[in-house]
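*Asks:* Got a structure for you, written out below as structure tokens; questions coming shortly.
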2 protein chains.
Amino acid sequence: MPDGLQQLEAHACFGGIQGTYQHHAQTLGVPMRFSAFVPKRDPSQQLPVMIYLSGLTCTEQNVTTKAGFQARASDLGMIVVCPDTSPRGEEVADDPAYDLGQGAGFYLDATEEPWKQHFRMETYLCQELLPLLASAFPVLPGATGITGHSMGGHGALTLALRHPELFRSVSAIAPIVAPTQCPWGQKAFSAYLGDNRGAWARHDACELLRARGRKLVETILIDQGDADPFLTRELMPERFAAVCAGVGQPLRLNMRPGYDHSYYFVATVIDSHINHHAAALLG
Amino acid sequence: MPDGLQQLEAHACFGGIQGTYQHHAQTLGVPMRFSAFVPKRDPSQQLPVMIYLSGLTCTEQNVTTKAGFQARASDLGMIVVCPDTSPRGEEVADDPAYDLGQGAGFYLDATEEPWKQHFRMETYLCQELLPLLASAFPVLPGATGITGHSMGGHGALTLALRHPELFRSVSAIAPIVAPTQCPWGQKAFSAYLGDNRGAWARHDACELLRARGRKLVETILIDQGDADPFLTRELMPERFAAVCAGVGQPLRLNMRPGYDHSYYFVATVIDSHINHHAAALLG
């Protein structure tokens, strides 16, 4: 294990190891935790990685304990890494609301006070965590995909669009696809990015794909419950579908009758997301 | 839904509904919660039920959110009901320790003060909850199995042995099999049953099976991790295996290398327990 990476927990699970790790994140200036599931493998075998970004209020533990991804990841030989959703700690800026500050990093680098010192989740994930994973785990080079739920779905789509060289496959579960057009996104972007609307557009999946003007990957997979209480006000997947159609980006948008925004929905569809990434990363 | 049964939560999950319910438990004198997963089915279809009893400190939510049983239960058409582990509330006796009082009911009827007023989990489960389930859900008559983890494994084994007319199949995950011989059991039985050693034996799976002198069901399934920190001091499955061998009770005891006592272990083996009960209840 690399210097400075501490294993806090390790549990046998479906033949592999479900671990929780902590390291000092230089980008963020605080200790950060993440979870990693590493399937059983031959000693020389390198495995693809699926990064799972979580939603508002979550730590790395929610999806790790509730989504049940380990069975399929074990079957397909996929490492699954779940980062925390923001820097945390007494010295880190925060807000009493659940949708701003700690637990609500929105996977971008803040430019505004008081956030810009610690809230640099994009640089942390892309430039610090990914190299750390490659040094700590048997990661197959070039075989990293990214997914996420809600705010984490926003993170997955925008990071894949902004860093196509890092992520070869992308999917999302009930994602925020147009943060510049919904209350959660407008509140967070106002705080983190100020009134620079150009910067806002550079962290909005619809705007990024429209600006790109062509497809990003073979297919983007999105699952969305039609009984999700945030569907019409915050999530609006039809906006992303329209942009995909406009630029020729293949999209499989599954509207799931009766499903809400909870981990029971994530658990129901997570295996199909692991399948999606495995097909892209191993195919 | 029967009068007095309140649905607190309902989530679509793997095609079925994962619900949380509350009712006034007359046996216990307090409101009680349980969770129930009901798979998608034809309107006239009746389904077998697996009761899952949880371990020390747990409510009905831990296994419901963490074990990932809904996928297989959906595939096989099995209702899964998870009761709470004790009566709860300000008026209910308690102890500051995690292994006595609220969260630690041990699935028996206490005979001692201050416990005997509310701690009557055996009568609650057998005489109140089972009939309630039959009136609230599409339960196939005579097709109820019981399983559990740790203290809940003790509950599953002892309730199946004490009430074979109620439970047609039984299994356990890392169960306490000899509570009269381990610290957890001795502490709880001293408090709940006093110094009546005859009563202790009537709530000890090893003693019950030895007294019965013959097999209970076709096969009892037990899974146990060999890296479980409670294995040698509290769990001791070899004691149950010896009694099974002595009375001719078929037992499949799977010692699982590297697994601990956590829900990661429960998740890893729960599908095989659902298979076990489905085979017995539908076969």
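Chain labels follow the order of the structure tokens: the first chain is A, the next B, and so on; residue numbering restarts at 1 in every chain, and ligands are counted from 1 in their shown order.
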Set the cut-off to 12 Å and count only C-alpha atoms: what are the residues of chain A that reach chain B? Output as a ChimeraX atom specification.
*Replies:* /A:9-19,37,61-72,74,225-228,256-271
*Asks:* So which bits of region 41-165 of chain A end up alpha helix (DSSP H) when you DSSP the backbone, as a CSV table (one decimal) with all heavy atoms, in the first residue's frame?
*Replies:*
```
chain,number,residue,atom,x,y,z
A,60,GLU,N,-18.9,8.0,1.6
A,60,GLU,CA,-18.6,6.8,0.8
A,60,GLU,C,-19.3,5.6,1.3
A,60,GLU,O,-19.4,4.5,0.6
A,60,GLU,CB,-17.0,6.6,0.8
A,60,GLU,CG,-16.4,5.9,2.0
A,60,GLU,CD,-16.5,6.8,3.3
A,60,GLU,OE1,-16.6,8.0,3.1
A,60,GLU,OE2,-16.3,6.2,4.4
A,61,GLN,N,-19.8,5.6,2.6
A,61,GLN,CA,-20.3,4.4,3.2
A,61,GLN,C,-21.8,4.1,2.7
A,61,GLN,O,-22.1,2.9,2.6
A,61,GLN,CB,-20.4,4.5,4.7
A,61,GLN,CG,-19.0,4.5,5.3
A,61,GLN,CD,-18.2,3.2,5.0
A,61,GLN,OE1,-18.8,2.1,5.2
A,61,GLN,NE2,-17.0,3.3,4.5
A,62,ASN,N,-22.6,5.1,2.3
A,62,ASN,CA,-24.0,4.8,2.0
A,62,ASN,C,-24.1,3.8,0.9
A,62,ASN,O,-24.7,2.7,1.0
A,62,ASN,CB,-24.7,6.1,1.6
A,62,ASN,CG,-24.7,7.1,2.7
A,62,ASN,OD1,-23.6,7.6,3.0
A,62,ASN,ND2,-25.8,7.4,3.3
A,63,VAL,N,-23.4,4.1,-0.3
A,63,VAL,CA,-23.5,3.1,-1.4
A,63,VAL,C,-22.8,1.8,-1.1
A,63,VAL,O,-23.2,0.8,-1.5
A,63,VAL,CB,-23.0,3.8,-2.7
A,63,VAL,CG1,-21.5,4.1,-2.6
A,63,VAL,CG2,-23.3,2.9,-3.9
A,64,THR,N,-21.7,1.9,-0.4
A,64,THR,CA,-20.9,0.7,-0.1
A,64,THR,C,-21.7,-0.3,0.7
A,64,THR,O,-21.6,-1.5,0.5
A,64,THR,CB,-19.7,1.1,0.7
A,64,THR,OG1,-19.0,2.1,-0.1
A,64,THR,CG2,-18.7,0.0,0.9
A,65,THR,N,-22.5,0.2,1.7
A,65,THR,CA,-23.3,-0.7,2.5
A,65,THR,C,-24.7,-1.0,2.0
A,65,THR,O,-25.2,-2.1,2.3
A,65,THR,CB,-23.5,-0.2,4.0
A,65,THR,OG1,-24.2,1.1,3.9
A,65,THR,CG2,-22.1,0.1,4.6
A,66,LYS,N,-25.2,-0.2,1.1
A,66,LYS,CA,-26.6,-0.3,0.7
A,66,LYS,C,-26.9,-0.8,-0.7
A,66,LYS,O,-28.0,-1.2,-1.0
A,66,LYS,CB,-27.3,1.0,0.9
A,66,LYS,CG,-27.5,1.4,2.4
A,66,LYS,CD,-28.3,2.7,2.5
A,66,LYS,CE,-28.7,3.0,4.0
A,66,LYS,NZ,-29.5,4.2,4.1
A,70,GLN,N,-21.4,-5.5,-4.8
A,70,GLN,CA,-20.2,-6.4,-4.7
A,70,GLN,C,-20.4,-7.8,-5.4
A,70,GLN,O,-19.5,-8.3,-5.9
A,70,GLN,CB,-19.8,-6.6,-3.2
A,70,GLN,CG,-19.3,-5.4,-2.5
A,70,GLN,CD,-20.4,-4.5,-1.9
A,70,GLN,OE1,-21.6,-4.8,-2.0
A,70,GLN,NE2,-20.1,-3.5,-1.1
A,71,ALA,N,-21.6,-8.3,-5.4
A,71,ALA,CA,-21.9,-9.6,-6.0
A,71,ALA,C,-21.5,-9.5,-7.5
A,71,ALA,O,-20.8,-10.3,-8.0
A,71,ALA,CB,-23.3,-10.0,-5.8
A,72,ARG,N,-22.1,-8.6,-8.2
A,72,ARG,CA,-21.9,-8.5,-9.7
A,72,ARG,C,-20.4,-8.1,-10.0
A,72,ARG,O,-19.8,-8.6,-10.9
A,72,ARG,CB,-22.9,-7.5,-10.4
A,72,ARG,CG,-22.8,-7.5,-11.9
A,72,ARG,CD,-23.0,-8.8,-12.6
A,72,ARG,NE,-24.3,-9.3,-12.3
A,72,ARG,CZ,-25.4,-9.2,-13.0
A,72,ARG,NH1,-25.4,-8.5,-14.1
A,72,ARG,NH2,-26.6,-9.7,-12.6
A,73,ALA,N,-19.9,-7.1,-9.2
A,73,ALA,CA,-18.5,-6.7,-9.4
A,73,ALA,C,-17.6,-7.9,-9.2
A,73,ALA,O,-16.6,-8.0,-10.0
A,73,ALA,CB,-18.1,-5.6,-8.4
A,74,SER,N,-17.9,-8.8,-8.3
A,74,SER,CA,-17.1,-10.0,-8.1
A,74,SER,C,-17.2,-10.9,-9.3
A,74,SER,O,-16.2,-11.4,-9.8
A,74,SER,CB,-17.6,-10.7,-6.8
A,74,SER,OG,-16.9,-11.9,-6.6
A,75,ASP,N,-18.4,-11.1,-9.8
A,75,ASP,CA,-18.6,-12.0,-10.9
A,75,ASP,C,-17.9,-11.5,-12.2
A,75,ASP,O,-17.3,-12.3,-12.9
A,75,ASP,CB,-20.1,-12.0,-11.3
A,75,ASP,CG,-20.9,-12.9,-10.3
A,75,ASP,OD1,-20.3,-13.6,-9.5
A,75,ASP,OD2,-22.2,-12.8,-10.3
A,76,LEU,N,-17.9,-10.2,-12.4
A,76,LEU,CA,-17.3,-9.6,-13.6
A,76,LEU,C,-15.8,-9.2,-13.4
A,76,LEU,O,-15.2,-8.8,-14.4
A,76,LEU,CB,-18.1,-8.5,-14.1
A,76,LEU,CG,-19.6,-8.8,-14.5
A,76,LEU,CD1,-20.3,-7.6,-15.1
A,76,LEU,CD2,-19.6,-10.0,-15.5
A,121,MET,N,-13.0,19.2,-5.6
A,121,MET,CA,-13.3,17.8,-5.8
A,121,MET,C,-12.9,17.3,-7.2
A,121,MET,O,-12.5,16.2,-7.4
A,121,MET,CB,-14.7,17.5,-5.5
A,121,MET,CG,-15.1,17.5,-4.0
A,121,MET,SD,-14.2,16.3,-3.0
A,121,MET,CE,-15.1,14.7,-3.6
A,122,GLU,N,-13.0,18.2,-8.2
A,122,GLU,CA,-12.7,17.7,-9.6
A,122,GLU,C,-11.2,17.4,-9.6
A,122,GLU,O,-10.8,16.4,-10.1
A,122,GLU,CB,-13.0,18.8,-10.6
A,122,GLU,CG,-12.7,18.4,-12.0
A,122,GLU,CD,-13.2,19.4,-13.0
A,122,GLU,OE1,-13.5,20.5,-12.7
A,122,GLU,OE2,-13.2,19.0,-14.2
A,123,THR,N,-10.3,18.4,-9.2
A,123,THR,CA,-8.9,18.2,-9.2
A,123,THR,C,-8.5,17.0,-8.3
A,123,THR,O,-7.7,16.2,-8.7
A,123,THR,CB,-8.2,19.4,-8.8
A,123,THR,OG1,-8.5,20.4,-9.8
A,123,THR,CG2,-6.7,19.2,-8.8
A,130,LEU,N,-7.2,9.2,-8.7
A,130,LEU,CA,-7.0,8.2,-9.8
A,130,LEU,C,-5.6,7.7,-9.7
A,130,LEU,O,-5.4,6.5,-9.8
A,130,LEU,CB,-7.4,8.8,-11.1
A,130,LEU,CG,-8.9,8.9,-11.4
A,130,LEU,CD1,-9.1,9.3,-12.9
A,130,LEU,CD2,-9.7,7.6,-11.2
A,131,PRO,N,-4.6,8.6,-9.7
A,131,PRO,CA,-3.2,8.1,-9.6
A,131,PRO,C,-3.0,7.2,-8.3
A,131,PRO,O,-2.2,6.2,-8.3
A,131,PRO,CB,-2.3,9.3,-9.6
A,131,PRO,CG,-3.1,10.4,-10.2
A,131,PRO,CD,-4.6,10.1,-9.9
A,132,LEU,N,-3.6,7.7,-7.2
A,132,LEU,CA,-3.4,6.9,-6.0
A,132,LEU,C,-4.0,5.5,-6.1
A,132,LEU,O,-3.4,4.5,-5.7
A,132,LEU,CB,-4.1,7.6,-4.8
A,132,LEU,CG,-4.1,6.9,-3.5
A,132,LEU,CD1,-2.7,6.8,-2.9
A,132,LEU,CD2,-5.0,7.7,-2.5
A,133,LEU,N,-5.2,5.4,-6.8
A,133,LEU,CA,-5.8,4.1,-7.0
A,133,LEU,C,-4.9,3.2,-7.8
A,133,LEU,O,-4.7,2.0,-7.6
A,133,LEU,CB,-7.1,4.2,-7.7
A,133,LEU,CG,-8.2,5.0,-6.9
A,133,LEU,CD1,-9.5,5.1,-7.8
A,133,LEU,CD2,-8.6,4.3,-5.6
A,134,ALA,N,-4.3,3.8,-8.8
A,134,ALA,CA,-3.4,3.0,-9.7
A,134,ALA,C,-2.2,2.5,-9.0
A,134,ALA,O,-1.6,1.4,-9.3
A,134,ALA,CB,-3.0,3.9,-10.9
A,135,SER,N,-1.8,3.2,-7.9
A,135,SER,CA,-0.6,2.7,-7.2
A,135,SER,C,-1.0,1.8,-6.1
A,135,SER,O,-0.1,1.0,-5.6
A,135,SER,CB,0.2,3.9,-6.6
A,135,SER,OG,-0.6,4.6,-5.6
A,136,ALA,N,-2.3,1.8,-5.7
A,136,ALA,CA,-2.7,1.0,-4.5
A,136,ALA,C,-3.3,-0.3,-4.9
A,136,ALA,O,-3.3,-1.3,-4.1
A,136,ALA,CB,-3.6,1.8,-3.6
A,151,MET,N,-26.6,13.9,-7.4
A,151,MET,CA,-25.4,14.8,-7.6
A,151,MET,C,-24.2,14.1,-8.1
A,151,MET,O,-23.4,14.6,-8.9
A,151,MET,CB,-25.1,15.5,-6.2
A,151,MET,CG,-23.8,16.3,-6.3
A,151,MET,SD,-23.4,17.0,-4.6
A,151,MET,CE,-22.7,15.6,-3.8
A,152,GLY,N,-24.1,12.8,-7.7
A,152,GLY,CA,-23.0,12.0,-8.2
A,152,GLY,C,-23.2,11.6,-9.7
A,152,GLY,O,-22.2,11.4,-10.4
A,153,GLY,N,-24.4,11.6,-10.2
A,153,GLY,CA,-24.7,11.4,-11.6
A,153,GLY,C,-24.2,12.6,-12.4
A,153,GLY,O,-23.6,12.5,-13.5
A,154,HIS,N,-24.5,13.8,-11.8
A,154,HIS,CA,-24.0,15.0,-12.4
A,154,HIS,C,-22.4,14.9,-12.4
A,154,HIS,O,-21.8,15.2,-13.5
A,154,HIS,CB,-24.4,16.2,-11.5
A,154,HIS,CG,-23.4,17.3,-11.4
A,154,HIS,ND1,-23.2,18.2,-12.5
A,154,HIS,CD2,-22.6,17.7,-10.4
A,154,HIS,CE1,-22.3,19.1,-12.1
A,154,HIS,NE2,-21.9,18.8,-10.9
A,155,GLY,N,-21.8,14.5,-11.4
A,155,GLY,CA,-20.4,14.4,-11.3
A,155,GLY,C,-19.9,13.4,-12.4
A,155,GLY,O,-18.9,13.7,-13.1
A,156,ALA,N,-20.5,12.3,-12.5
A,156,ALA,CA,-20.1,11.3,-13.5
A,156,ALA,C,-20.1,11.8,-14.9
A,156,ALA,O,-19.2,11.7,-15.7
A,156,ALA,CB,-20.9,10.0,-13.4
A,157,LEU,N,-21.3,12.4,-15.3
A,157,LEU,CA,-21.5,12.9,-16.6
A,157,LEU,C,-20.5,14.1,-16.9
A,157,LEU,O,-19.9,14.1,-18.0
A,157,LEU,CB,-22.9,13.4,-16.8
A,157,LEU,CG,-24.0,12.3,-16.8
A,157,LEU,CD1,-25.4,12.9,-16.7
A,157,LEU,CD2,-23.8,11.3,-18.0
A,158,THR,N,-20.4,15.0,-16.0
A,158,THR,CA,-19.5,16.2,-16.3
A,158,THR,C,-18.0,15.8,-16.3
A,158,THR,O,-17.3,16.3,-17.1
A,158,THR,CB,-19.8,17.3,-15.3
A,158,THR,OG1,-19.6,16.9,-13.9
A,158,THR,CG2,-21.2,17.9,-15.4
A,159,LEU,N,-17.6,15.0,-15.3
A,159,LEU,CA,-16.2,14.6,-15.3
A,159,LEU,C,-15.9,13.8,-16.6
A,159,LEU,O,-14.8,14.0,-17.2
A,159,LEU,CB,-15.8,13.8,-14.1
A,159,LEU,CG,-15.9,14.7,-12.8
A,159,LEU,CD1,-15.4,13.8,-11.6
A,159,LEU,CD2,-15.2,16.0,-12.8
A,160,ALA,N,-16.8,12.9,-17.0
A,160,ALA,CA,-16.5,12.2,-18.3
A,160,ALA,C,-16.4,13.1,-19.5
A,160,ALA,O,-15.6,12.9,-20.4
A,160,ALA,CB,-17.6,11.1,-18.5
A,161,LEU,N,-17.3,14.1,-19.5
A,161,LEU,CA,-17.3,15.0,-20.6
A,161,LEU,C,-16.1,16.0,-20.6
A,161,LEU,O,-15.5,16.3,-21.6
A,161,LEU,CB,-18.6,15.9,-20.6
A,161,LEU,CG,-19.8,15.1,-21.2
A,161,LEU,CD1,-21.1,15.7,-20.7
A,161,LEU,CD2,-19.7,15.2,-22.8
A,162,ARG,N,-15.6,16.3,-19.4
A,162,ARG,CA,-14.5,17.2,-19.2
A,162,ARG,C,-13.1,16.5,-19.3
A,162,ARG,O,-12.1,17.2,-19.7
A,162,ARG,CB,-14.6,18.0,-17.9
A,162,ARG,CG,-15.7,19.0,-17.9
A,162,ARG,CD,-16.0,19.6,-16.5
A,162,ARG,NE,-14.8,20.2,-15.9
A,162,ARG,CZ,-14.4,21.4,-16.1
A,162,ARG,NH1,-15.0,22.2,-17.0
A,162,ARG,NH2,-13.4,21.9,-15.5
```
*Asks:* Give me every strand (DSSP E) residue in region 42-272 of chain B, going by DSSP on the backbone, as a PyMOL selection string.
*Replies:* chain B and resi 47-53+79-83+139-148+169-173+220-225+251-256
*Asks:* Considering only C-alpha atoms, state which residue in the set A:Val81, A:Cys126, A:Val170, A:Ala93 is at the smallest distance from Val30 (chain A).
*Replies:*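 Closest to Val30 (chain A) of all the choices is A:Ala93.
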*Asks:* Record the distance separating CA of His23 (chain B) and CA of His273 (chain B), expressed in Å with one decimal.
*Replies:*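 Straight-line distance from CA of His23 (chain B) to CA of His273 (chain B) works out to 27.9 Å.
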*Asks:* Please report the interatomic distance between CA of Ile274 (chain B) and CA of Gln224 (chain A) in Å with one decimal.
*Replies:*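 CA of Gln224 (chain A) lies at a distance of 28.7 Å from CA of Ile274 (chain B).
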*Asks:* Counting only C-alpha atoms, which of B:Ala211, B:Glu218, B:Val177, B:His277 gets nearest to Pro237 (chain B)?
*Replies:*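 For Pro237 (chain B), the nearest of the given residues is B:Val177.
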*Asks:* Nearest to Met78 (chain A): which of A:Pro229, A:Pro96, A:Gly105, A:Pro48 is it, counting only C-alpha atoms?
*Replies:*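 Smallest distance to Met78 (chain A) is found for A:Pro48.
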*Asks:* From the list B:Met32, B:Leu253, B:Leu5, B:Ala188, which residue is nearest His203 (chain B) when using only C-alpha atoms?
*Replies:* B:Ala188
*Asks:* Using CA of Arg233 (chain B) and CA of Asp204 (chain B) as the two end points, give the distance in Å to one decimal.
*Replies:*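 Rounded to one decimal, the two atoms are 15.7 Å apart.
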*Asks:* Give me the residues within 9 Å of Ala110 (chain B) as a list in words, counting only C-alpha atoms and dropping any in the same chain fewer than 5 places off.
*Replies:*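 After dropping sequence-adjacent residues, the list is Gly105, Trp115, Lys116, Gln117, His118, Phe119, Arg120, Met121, Phe189, Ala191, Tyr192, Leu193 and Gly194 of chain B.
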